[in-house]
Structure formats: structure tokens, C-alpha cells
Amino acid sequence: MTTITETNVTTQVYRVYIKASPEAIWDAITKPEWTERYGYGGIAEFDLRPGGAFRHLTDEGMRAMGAGDVAVDGEVIESDPPRKLVQTWRMVMAPEMAAEGFSRLTYEIGEAKDGVTKLTVIHDLEGTPKLALLVSGAMEDTGAGGGWSWVLSGLKTVLETGEPLNEAR
Amino acid sequence: MAADDDRVFKALADPTRRFLLDRLFERDGRTLTELESELEMTRFGVMKHLRLLEEAGLVVTRRSGREKLHFLNPVPIRLIHNRWIDKYTERQVSALVDLKTQLEEMA
């Protein structure tokens with residue numbers, strides 16, 4: 001009888017194939033003119049060097065509901081455009097998630113094959129169970145957005161069609 | 001991309017593969033040995049199902065030390081949802097709205 005070791009359950013992995021170049025995907029993740037067009041919206045500010053600051057600002061709608069200026073903050077750990085971005089990531093907009101502290105987020109962008117590029121997001125959520133629920137999309141019914149699968153399908157749509165995801169709100 | 005959708009639908013059209021996805025939904029990042037222990041099936045059989053799930057993009061594997069961990073990737077299901085389900089529910093909703101308008105006009 002073999003004993004089953006409990007493996008890492010606090011990591012979430014998401015993957016999407018996008019008809020776009022690695023450079024275009026890198027820009028869509030790191031440049032404010034792109035980040036406000038998909039997912040939760042709002043402008044992302046990156047200082048793309050180790051130790052550099054990261055802030056994802058709230059959009060008008062969030063501020064109208066009483067949010068502060070910053071939705072998410074963190075620090076860049078590794079920046080290797082257009083292949084790999086590693087950063088810390090803390091949801092500061094929700095106090096109970098801010099209290100959990102920083103999670104660790106990695107974006108891996110593959111080589112383009114026939115014009116299609118693989119994007120993998122690895123979110124290490126050790127010690128941040130509330131944030132883990134949010135980014136898994138489990139809180140979508142409460143109006144908290146659909147987490148990474150929603151964000152990444154929006155990213156794919158905006159890169160492939162130039163238009164934001166058409167959805168009922 | 002139609003070919004991608006085909007792979008996802010085919011991967012989902014099997015109870016063992018849906019069972020494997022449900023196990024990963026419960027607890028993500030499992031090894032083949034862990035997944036195998038929950039099925040009355042040979043290791044080879046489970047590997048075959050996992051490979052089909054991986055080819056459809058529904059499972060993503062990552063190495064952690066000497067182990068290969070399997071993660072559930074919900075993005076392809078989300079894309080199918082956006083592509084099909086939203087479209088059809090929208091039509092049903094608008095049909096109901098039309099019916100309501102017609103009935104109210106008759107009243």
C-alpha cells in the first residue's frame with residue numbers, strides 16, 4: 001500500500017492559446033492602454049525591473065462603488081520580455097484579501113507557432129485562500145468577476161478581434 | 001478555432017475524463033499516482049485519458065521536483081461558454097422579452 005502524498009493545492013494554473021505574437025501578448029499584460037480593455041479593466045503600471053513597483057489602478061466603476069485608487073499592488077521579481085514576468089500580487093481593494101498579504105504570479109509566454117502563442121499563468125496562492133477563491137472565478141455570482149479564466153478569455157478576444165469581450169453585465 | 005473546440009468537446013464526451021476533471025476541481029495539482037488511485041483502471045488507461053485532456057488544453061502539467069503535477073485549466077470551457085452558451089441564452093431572453101411586450105400590447 002503506497003501512501004499518497006498531498007501535493008501542492010495552493011497553485012492555480014491557466015493556459016490559453018492566442019492568435020498574436022509574444023510581443024503583443026506581453027504588451028497586453030504590461031501596458032495600460034491594453035489592460036483597461038479586458039478583465040477587470042483599469043490601468044496597470046509596471047516598473048519592469050527586479051524590485052520595480054506594480055500597481056493596477058481601479059476604474060471609474062470601482063471608484064463609484066467606494067474603492068480607492070489602487071486595486072492590486074505588488075513588486076516585479078523577474079522581467080524577461082516577451083517571455084516571462086514574475087511578480088508579487090496583492091488585492092488591496094478588498095480589505096480581507098489585502099490582509100492575506102502577497103501572492104506570487106508568473107506569466108510564461110511561448111514561441112509563436114503558425115501565428116499562435118501559448119500563454120500560461122501560474123498563480124501561487126499559498127496563505128491567500130480568499131484571494132484564491134476570487135481568482136478561481138468561484139465568486140462570479142456575487143459580481144466579483146470570473147477570475148483568471150474570464151480575464152484570459154477577455155485578453156484573447158481583445159488581441160484577436162480588437163474588440164472587448166461582448167458580455168451581459 | 002473550430003479544431004480546438006472539437007478537441008474540447010471530444011475530451012468532455014467521456015465519463016472517465018469528466019471524473020478526472022472533477023477530481024482536479026476538488027483538489028488541483030495532483031500526480032498520476034494520486035489520480036490513478038481513485039479509478040478502477042490501469043495506469044496506462046489513466047495516462048491515455050490524461051493525455052487527451054492535455055491535448056484539449058483542459059489539463060496543464062507542471063514539474064515540481066521529480067513529480068509531474070496535473071492542473072485543471074478551465075479557460076477552454078470558458079471560451080466555449082462565451083462562444084455558444086451566451087449566444088443562445090441571449091436569444092432565449094430576448095424571445096421572452098418580445099413575448100412579454102406582445103402580451104402587454106394585447107392586454
# chains A, B, ... in the order shown; residues from 1 in each chain; ligands from 1

call {"tool": "closest_atom_pairs", "arguments": {"of": "chain B", "to": "chain A", "cutoff": "8 Å", "atoms": "only C-alpha atoms", "output": "CSV"}}
result
residue,atom,partner,partner_atom,distance
B:Arg27,CA,A:Val9,CA,6.3
B:Asp28,CA,A:Val9,CA,5.5
B:Gly29,CA,A:Val9,CA,5.9
B:Arg30,CA,A:Thr7,CA,6.1
B:Thr31,CA,A:Thr7,CA,7.7
B:Thr33,CA,A:Ile4,CA,7.7
B:Glu34,CA,A:Ile4,CA,6.3
B:Gly57,CA,A:Arg15,CA,7.4
B:Val60,CA,A:Val13,CA,7.2
B:Phe71,CA,A:Val13,CA,6.2
B:Leu72,CA,A:Val13,CA,7.3
B:Asn73,CA,A:Tyr14,CA,5.2
B:Pro74,CA,A:Ser149,CA,6.3
B:Val75,CA,A:Ser149,CA,4.7
B:Pro76,CA,A:Val16,CA,7.4
B:Arg78,CA,A:Ser149,CA,6.5
B:Leu79,CA,A:Ser153,CA,6.2
B:Asp86,CA,A:Glu167,CA,7.8

call {"tool": "residues_around", "arguments": {"residues": "His49 (chain B)", "least_positions_apart": "3", "cutoff": "10 Å", "atoms": "only C-alpha atoms", "output": "VMD selection string"}}
result
chain B and resid 11 14 16 to 18 20 44 to 46 52 to 55

call {"tool": "write_last_selection", "arguments": {"atoms": "C-alpha atoms", "output": "mmCIF file, in the first residue's frame"}}
result
data_model
loop_
_atom_site.group_PDB
_atom_site.id
_atom_site.type_symbol
_atom_site.label_atom_id
_atom_site.label_comp_id
_atom_site.auth_asym_id
_atom_site.auth_seq_id
_atom_site.Cartn_x
_atom_site.Cartn_y
_atom_site.Cartn_z
ATOM 1 C CA ALA B 11 -12.403 15.265 -24.342
ATOM 2 C CA ASP B 14 -16.273 10.641 -21.770
ATOM 3 C CA THR B 16 -13.782 8.903 -17.038
ATOM 4 C CA ARG B 17 -12.309 12.145 -18.304
ATOM 5 C CA ARG B 18 -15.086 14.175 -16.675
ATOM 6 C CA LEU B 20 -10.727 13.171 -13.671
ATOM 7 C CA PHE B 44 -1.777 3.150 -18.821
ATOM 8 C CA GLY B 45 -5.513 3.771 -19.255
ATOM 9 C CA VAL B 46 -5.459 6.779 -16.925
ATOM 10 C CA LEU B 52 -6.377 13.568 -24.298
ATOM 11 C CA LEU B 53 -7.339 16.105 -21.643
ATOM 12 C CA GLU B 54 -3.937 17.754 -22.004
ATOM 13 C CA GLU B 55 -4.214 17.876 -25.803
#

call {"tool": "select_by_dssp", "arguments": {"residues": "chain B", "states": "strand (DSSP E or B)", "output": "list of chain:residue names"}}
result
B:Arg30, B:Val59, B:Val60, B:Thr61, B:Arg62, B:Arg63, B:Ser64, B:Glu67, B:Lys68, B:Leu69, B:His70, B:Phe71, B:Leu72

call {"tool": "write_last_selection", "arguments": {"atoms": "C-alpha atoms", "output": "compact mmCIF listing (two decimals), in the first residue's frame"}}
result
# COMPACT_ATOMS: atom_id res chain seq x y z
CA ARG B 30 -2.27 16.00 -8.45
CA VAL B 59 -5.30 19.81 -18.14
CA VAL B 60 -1.93 21.53 -17.85
CA THR B 61 1.05 19.70 -16.34
CA ARG B 62 3.89 21.28 -14.39
CA ARG B 63 7.00 19.70 -12.97
CA SER B 64 7.58 20.08 -9.27
CA GLU B 67 6.86 14.93 -9.76
CA LYS B 68 4.60 15.84 -12.62
CA LEU B 69 1.51 17.62 -11.35
CA HIS B 70 -1.79 17.89 -13.23
CA PHE B 71 -3.79 21.10 -13.07
CA LEU B 72 -7.32 21.75 -14.28

call {"tool": "residues_around", "arguments": {"residues": "Asp73 (chain A)", "least_positions_apart": "4", "cutoff": "10 Å", "atoms": "only C-alpha atoms", "output": "VMD selection string"}}
result
chain A and resid 44 to 46 53 to 57 87 to 93 98 102

call {"tool": "residues_around", "arguments": {"residues": "Thr117 (chain A)", "least_positions_apart": "2", "cutoff": "6 Å", "atoms": "only C-alpha atoms", "output": "list in words"}}
result
Tyr17, Ile18, Gly110 and Ala112 of chain A

call {"tool": "select_by_dssp", "arguments": {"residues": "chain A", "states": "alpha helix (DSSP H)", "output": "mmCIF file with N, CA and C atoms, in the first residue's frame"}}
result
data_model
loop_
_atom_site.group_PDB
_atom_site.id
_atom_site.type_symbol
_atom_site.label_atom_id
_atom_site.label_comp_id
_atom_site.auth_asym_id
_atom_site.auth_seq_id
_atom_site.Cartn_x
_atom_site.Cartn_y
_atom_site.Cartn_z
ATOM 1 N N PRO A 22 4.166 36.933 -29.390
ATOM 2 C CA PRO A 22 4.541 37.032 -27.973
ATOM 3 C C PRO A 22 4.660 38.493 -27.527
ATOM 4 N N GLU A 23 5.184 39.347 -28.403
ATOM 5 C CA GLU A 23 5.341 40.771 -28.059
ATOM 6 C C GLU A 23 3.982 41.432 -27.799
ATOM 7 N N ALA A 24 2.993 41.091 -28.655
ATOM 8 C CA ALA A 24 1.657 41.687 -28.484
ATOM 9 C C ALA A 24 1.047 41.240 -27.152
ATOM 10 N N ILE A 25 1.268 39.974 -26.777
ATOM 11 C CA ILE A 25 0.728 39.462 -25.517
ATOM 12 C C ILE A 25 1.432 40.149 -24.335
ATOM 13 N N TRP A 26 2.727 40.288 -24.443
ATOM 14 C CA TRP A 26 3.493 40.992 -23.398
ATOM 15 C C TRP A 26 2.936 42.409 -23.201
ATOM 16 N N ASP A 27 2.696 43.106 -24.301
ATOM 17 C CA ASP A 27 2.159 44.468 -24.211
ATOM 18 C C ASP A 27 0.770 44.476 -23.576
ATOM 19 N N ALA A 28 -0.052 43.477 -23.948
ATOM 20 C CA ALA A 28 -1.425 43.439 -23.431
ATOM 21 C C ALA A 28 -1.434 43.216 -21.914
ATOM 22 N N ILE A 29 -0.383 42.586 -21.404
ATOM 23 C CA ILE A 29 -0.289 42.349 -19.962
ATOM 24 C C ILE A 29 0.282 43.572 -19.239
ATOM 25 N N THR A 30 1.247 44.232 -19.872
ATOM 26 C CA THR A 30 2.025 45.240 -19.140
ATOM 27 C C THR A 30 1.704 46.687 -19.490
ATOM 28 N N PRO A 32 -0.759 49.983 -20.065
ATOM 29 C CA PRO A 32 -2.054 50.487 -19.590
ATOM 30 C C PRO A 32 -3.113 50.607 -20.682
ATOM 31 N N GLU A 33 -2.691 50.965 -21.905
ATOM 32 C CA GLU A 33 -3.703 51.136 -22.961
ATOM 33 C C GLU A 33 -4.393 49.817 -23.300
ATOM 34 N N TRP A 34 -3.717 48.689 -22.966
ATOM 35 C CA TRP A 34 -4.332 47.376 -23.178
ATOM 36 C C TRP A 34 -5.076 46.910 -21.923
ATOM 37 N N THR A 35 -4.488 47.098 -20.748
ATOM 38 C CA THR A 35 -5.077 46.482 -19.550
ATOM 39 C C THR A 35 -6.467 47.031 -19.235
ATOM 40 N N GLU A 60 -13.297 53.654 -13.117
ATOM 41 C CA GLU A 60 -14.336 54.570 -12.649
ATOM 42 C C GLU A 60 -15.445 53.852 -11.893
ATOM 43 N N GLY A 61 -15.863 52.704 -12.463
ATOM 44 C CA GLY A 61 -16.955 51.934 -11.865
ATOM 45 C C GLY A 61 -16.625 51.484 -10.448
ATOM 46 N N MET A 62 -15.385 51.007 -10.259
ATOM 47 C CA MET A 62 -14.980 50.548 -8.924
ATOM 48 C C MET A 62 -14.921 51.725 -7.948
ATOM 49 N N ARG A 63 -14.413 52.861 -8.431
ATOM 50 C CA ARG A 63 -14.319 54.029 -7.545
ATOM 51 C C ARG A 63 -15.700 54.549 -7.176
ATOM 52 N N ALA A 64 -16.633 54.431 -8.143
ATOM 53 C CA ALA A 64 -18.007 54.864 -7.863
ATOM 54 C C ALA A 64 -18.622 54.020 -6.751
ATOM 55 N N PRO A 95 -10.344 44.633 1.768
ATOM 56 C CA PRO A 95 -9.528 44.592 2.987
ATOM 57 C C PRO A 95 -9.209 43.187 3.466
ATOM 58 N N GLU A 96 -10.189 42.248 3.359
ATOM 59 C CA GLU A 96 -9.935 40.893 3.862
ATOM 60 C C GLU A 96 -8.901 40.152 3.003
ATOM 61 N N MET A 97 -8.780 40.555 1.739
ATOM 62 C CA MET A 97 -7.755 39.944 0.881
ATOM 63 C C MET A 97 -6.421 40.665 1.048
ATOM 64 N N ALA A 98 -6.475 41.968 1.240
ATOM 65 C CA ALA A 98 -5.243 42.727 1.482
ATOM 66 C C ALA A 98 -4.542 42.176 2.721
ATOM 67 N N PRO A 129 -6.098 32.189 0.897
ATOM 68 C CA PRO A 129 -7.282 31.411 0.471
ATOM 69 C C PRO A 129 -8.434 32.262 -0.068
ATOM 70 N N LYS A 130 -8.622 33.449 0.478
ATOM 71 C CA LYS A 130 -9.736 34.290 -0.013
ATOM 72 C C LYS A 130 -9.439 34.778 -1.423
ATOM 73 N N LEU A 131 -8.202 35.173 -1.634
ATOM 74 C CA LEU A 131 -7.800 35.601 -2.972
ATOM 75 C C LEU A 131 -7.902 34.428 -3.956
ATOM 76 N N ALA A 132 -7.546 33.220 -3.483
ATOM 77 C CA ALA A 132 -7.613 32.024 -4.333
ATOM 78 C C ALA A 132 -9.038 31.805 -4.834
ATOM 79 N N LEU A 133 -10.016 32.004 -3.959
ATOM 80 C CA LEU A 133 -11.419 31.857 -4.361
ATOM 81 C C LEU A 133 -11.778 32.883 -5.427
ATOM 82 N N LEU A 134 -11.369 34.108 -5.198
ATOM 83 C CA LEU A 134 -11.692 35.184 -6.142
ATOM 84 C C LEU A 134 -11.108 34.904 -7.523
ATOM 85 N N VAL A 135 -9.814 34.589 -7.584
ATOM 86 C CA VAL A 135 -9.177 34.422 -8.901
ATOM 87 C C VAL A 135 -9.591 33.120 -9.591
ATOM 88 N N SER A 136 -10.154 32.171 -8.827
ATOM 89 C CA SER A 136 -10.647 30.937 -9.442
ATOM 90 C C SER A 136 -11.976 31.164 -10.154
ATOM 91 N N GLY A 147 -12.596 35.752 -12.453
ATOM 92 C CA GLY A 147 -11.243 35.296 -12.170
ATOM 93 C C GLY A 147 -10.384 35.163 -13.421
ATOM 94 N N TRP A 148 -9.335 34.340 -13.307
ATOM 95 C CA TRP A 148 -8.348 34.258 -14.394
ATOM 96 C C TRP A 148 -8.922 33.743 -15.703
ATOM 97 N N SER A 149 -9.843 32.753 -15.663
ATOM 98 C CA SER A 149 -10.328 32.234 -16.943
ATOM 99 C C SER A 149 -11.120 33.311 -17.687
ATOM 100 N N TRP A 150 -11.786 34.153 -16.924
ATOM 101 C CA TRP A 150 -12.519 35.280 -17.513
ATOM 102 C C TRP A 150 -11.538 36.338 -18.031
ATOM 103 N N VAL A 151 -10.548 36.682 -17.232
ATOM 104 C CA VAL A 151 -9.553 37.680 -17.637
ATOM 105 C C VAL A 151 -8.821 37.224 -18.909
ATOM 106 N N LEU A 152 -8.417 35.947 -18.930
ATOM 107 C CA LEU A 152 -7.626 35.462 -20.068
ATOM 108 C C LEU A 152 -8.467 35.289 -21.322
ATOM 109 N N SER A 153 -9.742 34.914 -21.184
ATOM 110 C CA SER A 153 -10.563 34.836 -22.394
ATOM 111 C C SER A 153 -10.826 36.240 -22.927
ATOM 112 N N GLY A 154 -10.913 37.217 -22.038
ATOM 113 C CA GLY A 154 -11.045 38.612 -22.469
ATOM 114 C C GLY A 154 -9.787 39.105 -23.178
ATOM 115 N N LEU A 155 -8.639 38.728 -22.620
ATOM 116 C CA LEU A 155 -7.351 39.100 -23.225
ATOM 117 C C LEU A 155 -7.224 38.512 -24.629
ATOM 118 N N LYS A 156 -7.620 37.236 -24.757
ATOM 119 C CA LYS A 156 -7.586 36.569 -26.071
ATOM 120 C C LYS A 156 -8.491 37.300 -27.064
ATOM 121 N N THR A 157 -9.710 37.602 -26.627
ATOM 122 C CA THR A 157 -10.678 38.246 -27.522
ATOM 123 C C THR A 157 -10.184 39.622 -27.977
ATOM 124 N N VAL A 158 -9.667 40.411 -27.048
ATOM 125 C CA VAL A 158 -9.273 41.775 -27.419
ATOM 126 C C VAL A 158 -8.058 41.740 -28.355
ATOM 127 N N LEU A 159 -7.162 40.778 -28.168
ATOM 128 C CA LEU A 159 -5.993 40.672 -29.055
ATOM 129 C C LEU A 159 -6.377 40.135 -30.430
ATOM 130 N N GLU A 160 -7.313 39.202 -30.476
ATOM 131 C CA GLU A 160 -7.652 38.565 -31.753
ATOM 132 C C GLU A 160 -8.650 39.365 -32.575
ATOM 133 N N THR A 161 -9.529 40.089 -31.906
ATOM 134 C CA THR A 161 -10.570 40.798 -32.644
ATOM 135 C C THR A 161 -10.436 42.313 -32.556
#

call {"tool": "closest_residue", "arguments": {"among": "B:Pro15, B:Lys100, B:Glu105, B:Asp5", "to": "Asn82 (chain B)", "atoms": "only C-alpha atoms"}}
result
B:Asp5

call {"tool": "atom_distance", "arguments": {"atom1": "CA of Glu100 (chain A)", "atom2": "CA of Asp22 (chain B)"}}
result
27.7 Å

call {"tool": "atom_distance", "arguments": {"atom1": "CA of Glu104 (chain B)", "atom2": "CA of Ile85 (chain B)"}}
result
28.6 Å

call {"tool": "decode", "arguments": {"residues": "region 28-70 of chain B", "atoms": "N, CA and C atoms", "output": "short mmCIF file (atom, residue, chain, number, x, y, z; two decimals), in the first residue's frame"}}
result
data_model
loop_
_atom_site.label_atom_id
_atom_site.label_comp_id
_atom_site.auth_asym_id
_atom_site.auth_seq_id
_atom_site.Cartn_x
_atom_site.Cartn_y
_atom_site.Cartn_z
N ASP B 28 -6.56 20.51 -6.83
CA ASP B 28 -5.77 20.69 -8.04
C ASP B 28 -4.32 20.25 -7.82
N GLY B 29 -3.59 20.09 -8.90
CA GLY B 29 -2.16 19.82 -8.81
C GLY B 29 -1.84 18.41 -8.33
N ARG B 30 -2.50 17.38 -8.90
CA ARG B 30 -2.27 16.00 -8.45
C ARG B 30 -1.33 15.23 -9.38
N THR B 31 -0.71 14.22 -8.81
CA THR B 31 0.16 13.35 -9.60
C THR B 31 -0.68 12.25 -10.25
N LEU B 32 -0.09 11.58 -11.23
CA LEU B 32 -0.75 10.45 -11.88
C LEU B 32 -1.12 9.38 -10.85
N THR B 33 -0.20 9.11 -9.93
CA THR B 33 -0.44 8.08 -8.91
C THR B 33 -1.68 8.41 -8.07
N GLU B 34 -1.82 9.67 -7.68
CA GLU B 34 -3.00 10.07 -6.90
C GLU B 34 -4.28 9.88 -7.70
N LEU B 35 -4.25 10.31 -8.96
CA LEU B 35 -5.45 10.23 -9.79
C LEU B 35 -5.82 8.78 -10.08
N GLU B 36 -4.80 7.98 -10.31
CA GLU B 36 -4.98 6.56 -10.62
C GLU B 36 -5.64 5.84 -9.45
N SER B 37 -5.30 6.25 -8.23
CA SER B 37 -5.80 5.56 -7.04
C SER B 37 -7.31 5.69 -6.89
N GLU B 38 -7.92 6.64 -7.60
CA GLU B 38 -9.36 6.85 -7.49
C GLU B 38 -10.15 6.18 -8.61
N LEU B 39 -9.44 5.48 -9.48
CA LEU B 39 -10.11 4.85 -10.62
C LEU B 39 -9.80 3.37 -10.69
N GLU B 40 -10.80 2.59 -11.09
CA GLU B 40 -10.59 1.16 -11.33
C GLU B 40 -10.09 1.01 -12.76
N MET B 41 -8.85 1.34 -12.97
CA MET B 41 -8.32 1.36 -14.33
C MET B 41 -6.81 1.22 -14.27
N THR B 42 -6.23 0.70 -15.34
CA THR B 42 -4.77 0.57 -15.35
C THR B 42 -4.12 1.94 -15.43
N ARG B 43 -2.86 1.99 -14.99
CA ARG B 43 -2.10 3.23 -15.06
C ARG B 43 -2.04 3.73 -16.51
N PHE B 44 -1.87 2.78 -17.41
CA PHE B 44 -1.78 3.15 -18.82
C PHE B 44 -3.08 3.80 -19.30
N GLY B 45 -4.21 3.23 -18.87
CA GLY B 45 -5.51 3.77 -19.26
C GLY B 45 -5.70 5.20 -18.76
N VAL B 46 -5.33 5.44 -17.50
CA VAL B 46 -5.46 6.78 -16.93
C VAL B 46 -4.55 7.76 -17.67
N MET B 47 -3.34 7.30 -17.99
CA MET B 47 -2.40 8.16 -18.73
C MET B 47 -2.98 8.58 -20.08
N LYS B 48 -3.65 7.63 -20.73
CA LYS B 48 -4.23 7.90 -22.04
C LYS B 48 -5.31 9.00 -21.94
N HIS B 49 -6.15 8.86 -20.90
CA HIS B 49 -7.20 9.87 -20.71
C HIS B 49 -6.59 11.24 -20.37
N LEU B 50 -5.56 11.23 -19.54
CA LEU B 50 -4.93 12.49 -19.16
C LEU B 50 -4.28 13.16 -20.38
N ARG B 51 -3.73 12.32 -21.27
CA ARG B 51 -3.09 12.90 -22.46
C ARG B 51 -4.14 13.57 -23.35
N LEU B 52 -5.31 12.96 -23.49
CA LEU B 52 -6.38 13.57 -24.30
C LEU B 52 -6.85 14.88 -23.67
N LEU B 53 -6.93 14.88 -22.34
CA LEU B 53 -7.34 16.11 -21.64
C LEU B 53 -6.29 17.21 -21.84
N GLU B 54 -5.02 16.79 -21.83
CA GLU B 54 -3.94 17.75 -22.00
C GLU B 54 -3.95 18.31 -23.43
N GLU B 55 -4.18 17.43 -24.40
CA GLU B 55 -4.21 17.88 -25.80
C GLU B 55 -5.36 18.85 -26.04
N ALA B 56 -6.45 18.69 -25.29
CA ALA B 56 -7.58 19.60 -25.42
C ALA B 56 -7.36 20.88 -24.62
N GLY B 57 -6.28 20.95 -23.88
CA GLY B 57 -5.97 22.13 -23.08
C GLY B 57 -6.71 22.17 -21.75
N LEU B 58 -7.44 21.10 -21.42
CA LEU B 58 -8.23 21.11 -20.18
C LEU B 58 -7.38 20.75 -18.97
N VAL B 59 -6.26 20.12 -19.21
CA VAL B 59 -5.30 19.81 -18.14
C VAL B 59 -3.94 20.36 -18.55
N VAL B 60 -3.28 21.02 -17.62
CA VAL B 60 -1.93 21.53 -17.85
C VAL B 60 -1.02 20.86 -16.84
N THR B 61 0.14 20.34 -17.29
CA THR B 61 1.05 19.70 -16.34
C THR B 61 2.23 20.61 -16.06
N ARG B 62 2.71 20.52 -14.81
CA ARG B 62 3.89 21.28 -14.39
C ARG B 62 4.79 20.33 -13.61
N ARG B 63 6.07 20.50 -13.76
CA ARG B 63 7.00 19.70 -12.97
C ARG B 63 7.22 20.37 -11.63
N SER B 64 7.25 19.56 -10.58
CA SER B 64 7.58 20.08 -9.27
C SER B 64 8.57 19.08 -8.68
N GLY B 65 9.86 19.40 -8.72
CA GLY B 65 10.89 18.45 -8.32
C GLY B 65 10.86 17.25 -9.25
N ARG B 66 10.67 16.05 -8.68
CA ARG B 66 10.63 14.84 -9.51
C ARG B 66 9.22 14.50 -9.95
N GLU B 67 8.24 15.28 -9.46
CA GLU B 67 6.86 14.93 -9.76
C GLU B 67 6.28 15.77 -10.88
N LYS B 68 5.34 15.13 -11.59
CA LYS B 68 4.60 15.84 -12.62
C LYS B 68 3.20 16.06 -12.08
N LEU B 69 2.81 17.31 -11.93
CA LEU B 69 1.51 17.62 -11.35
C LEU B 69 0.52 18.02 -12.45
N HIS B 70 -0.73 17.59 -12.25
CA HIS B 70 -1.79 17.89 -13.23
C HIS B 70 -2.72 18.96 -12.68
#
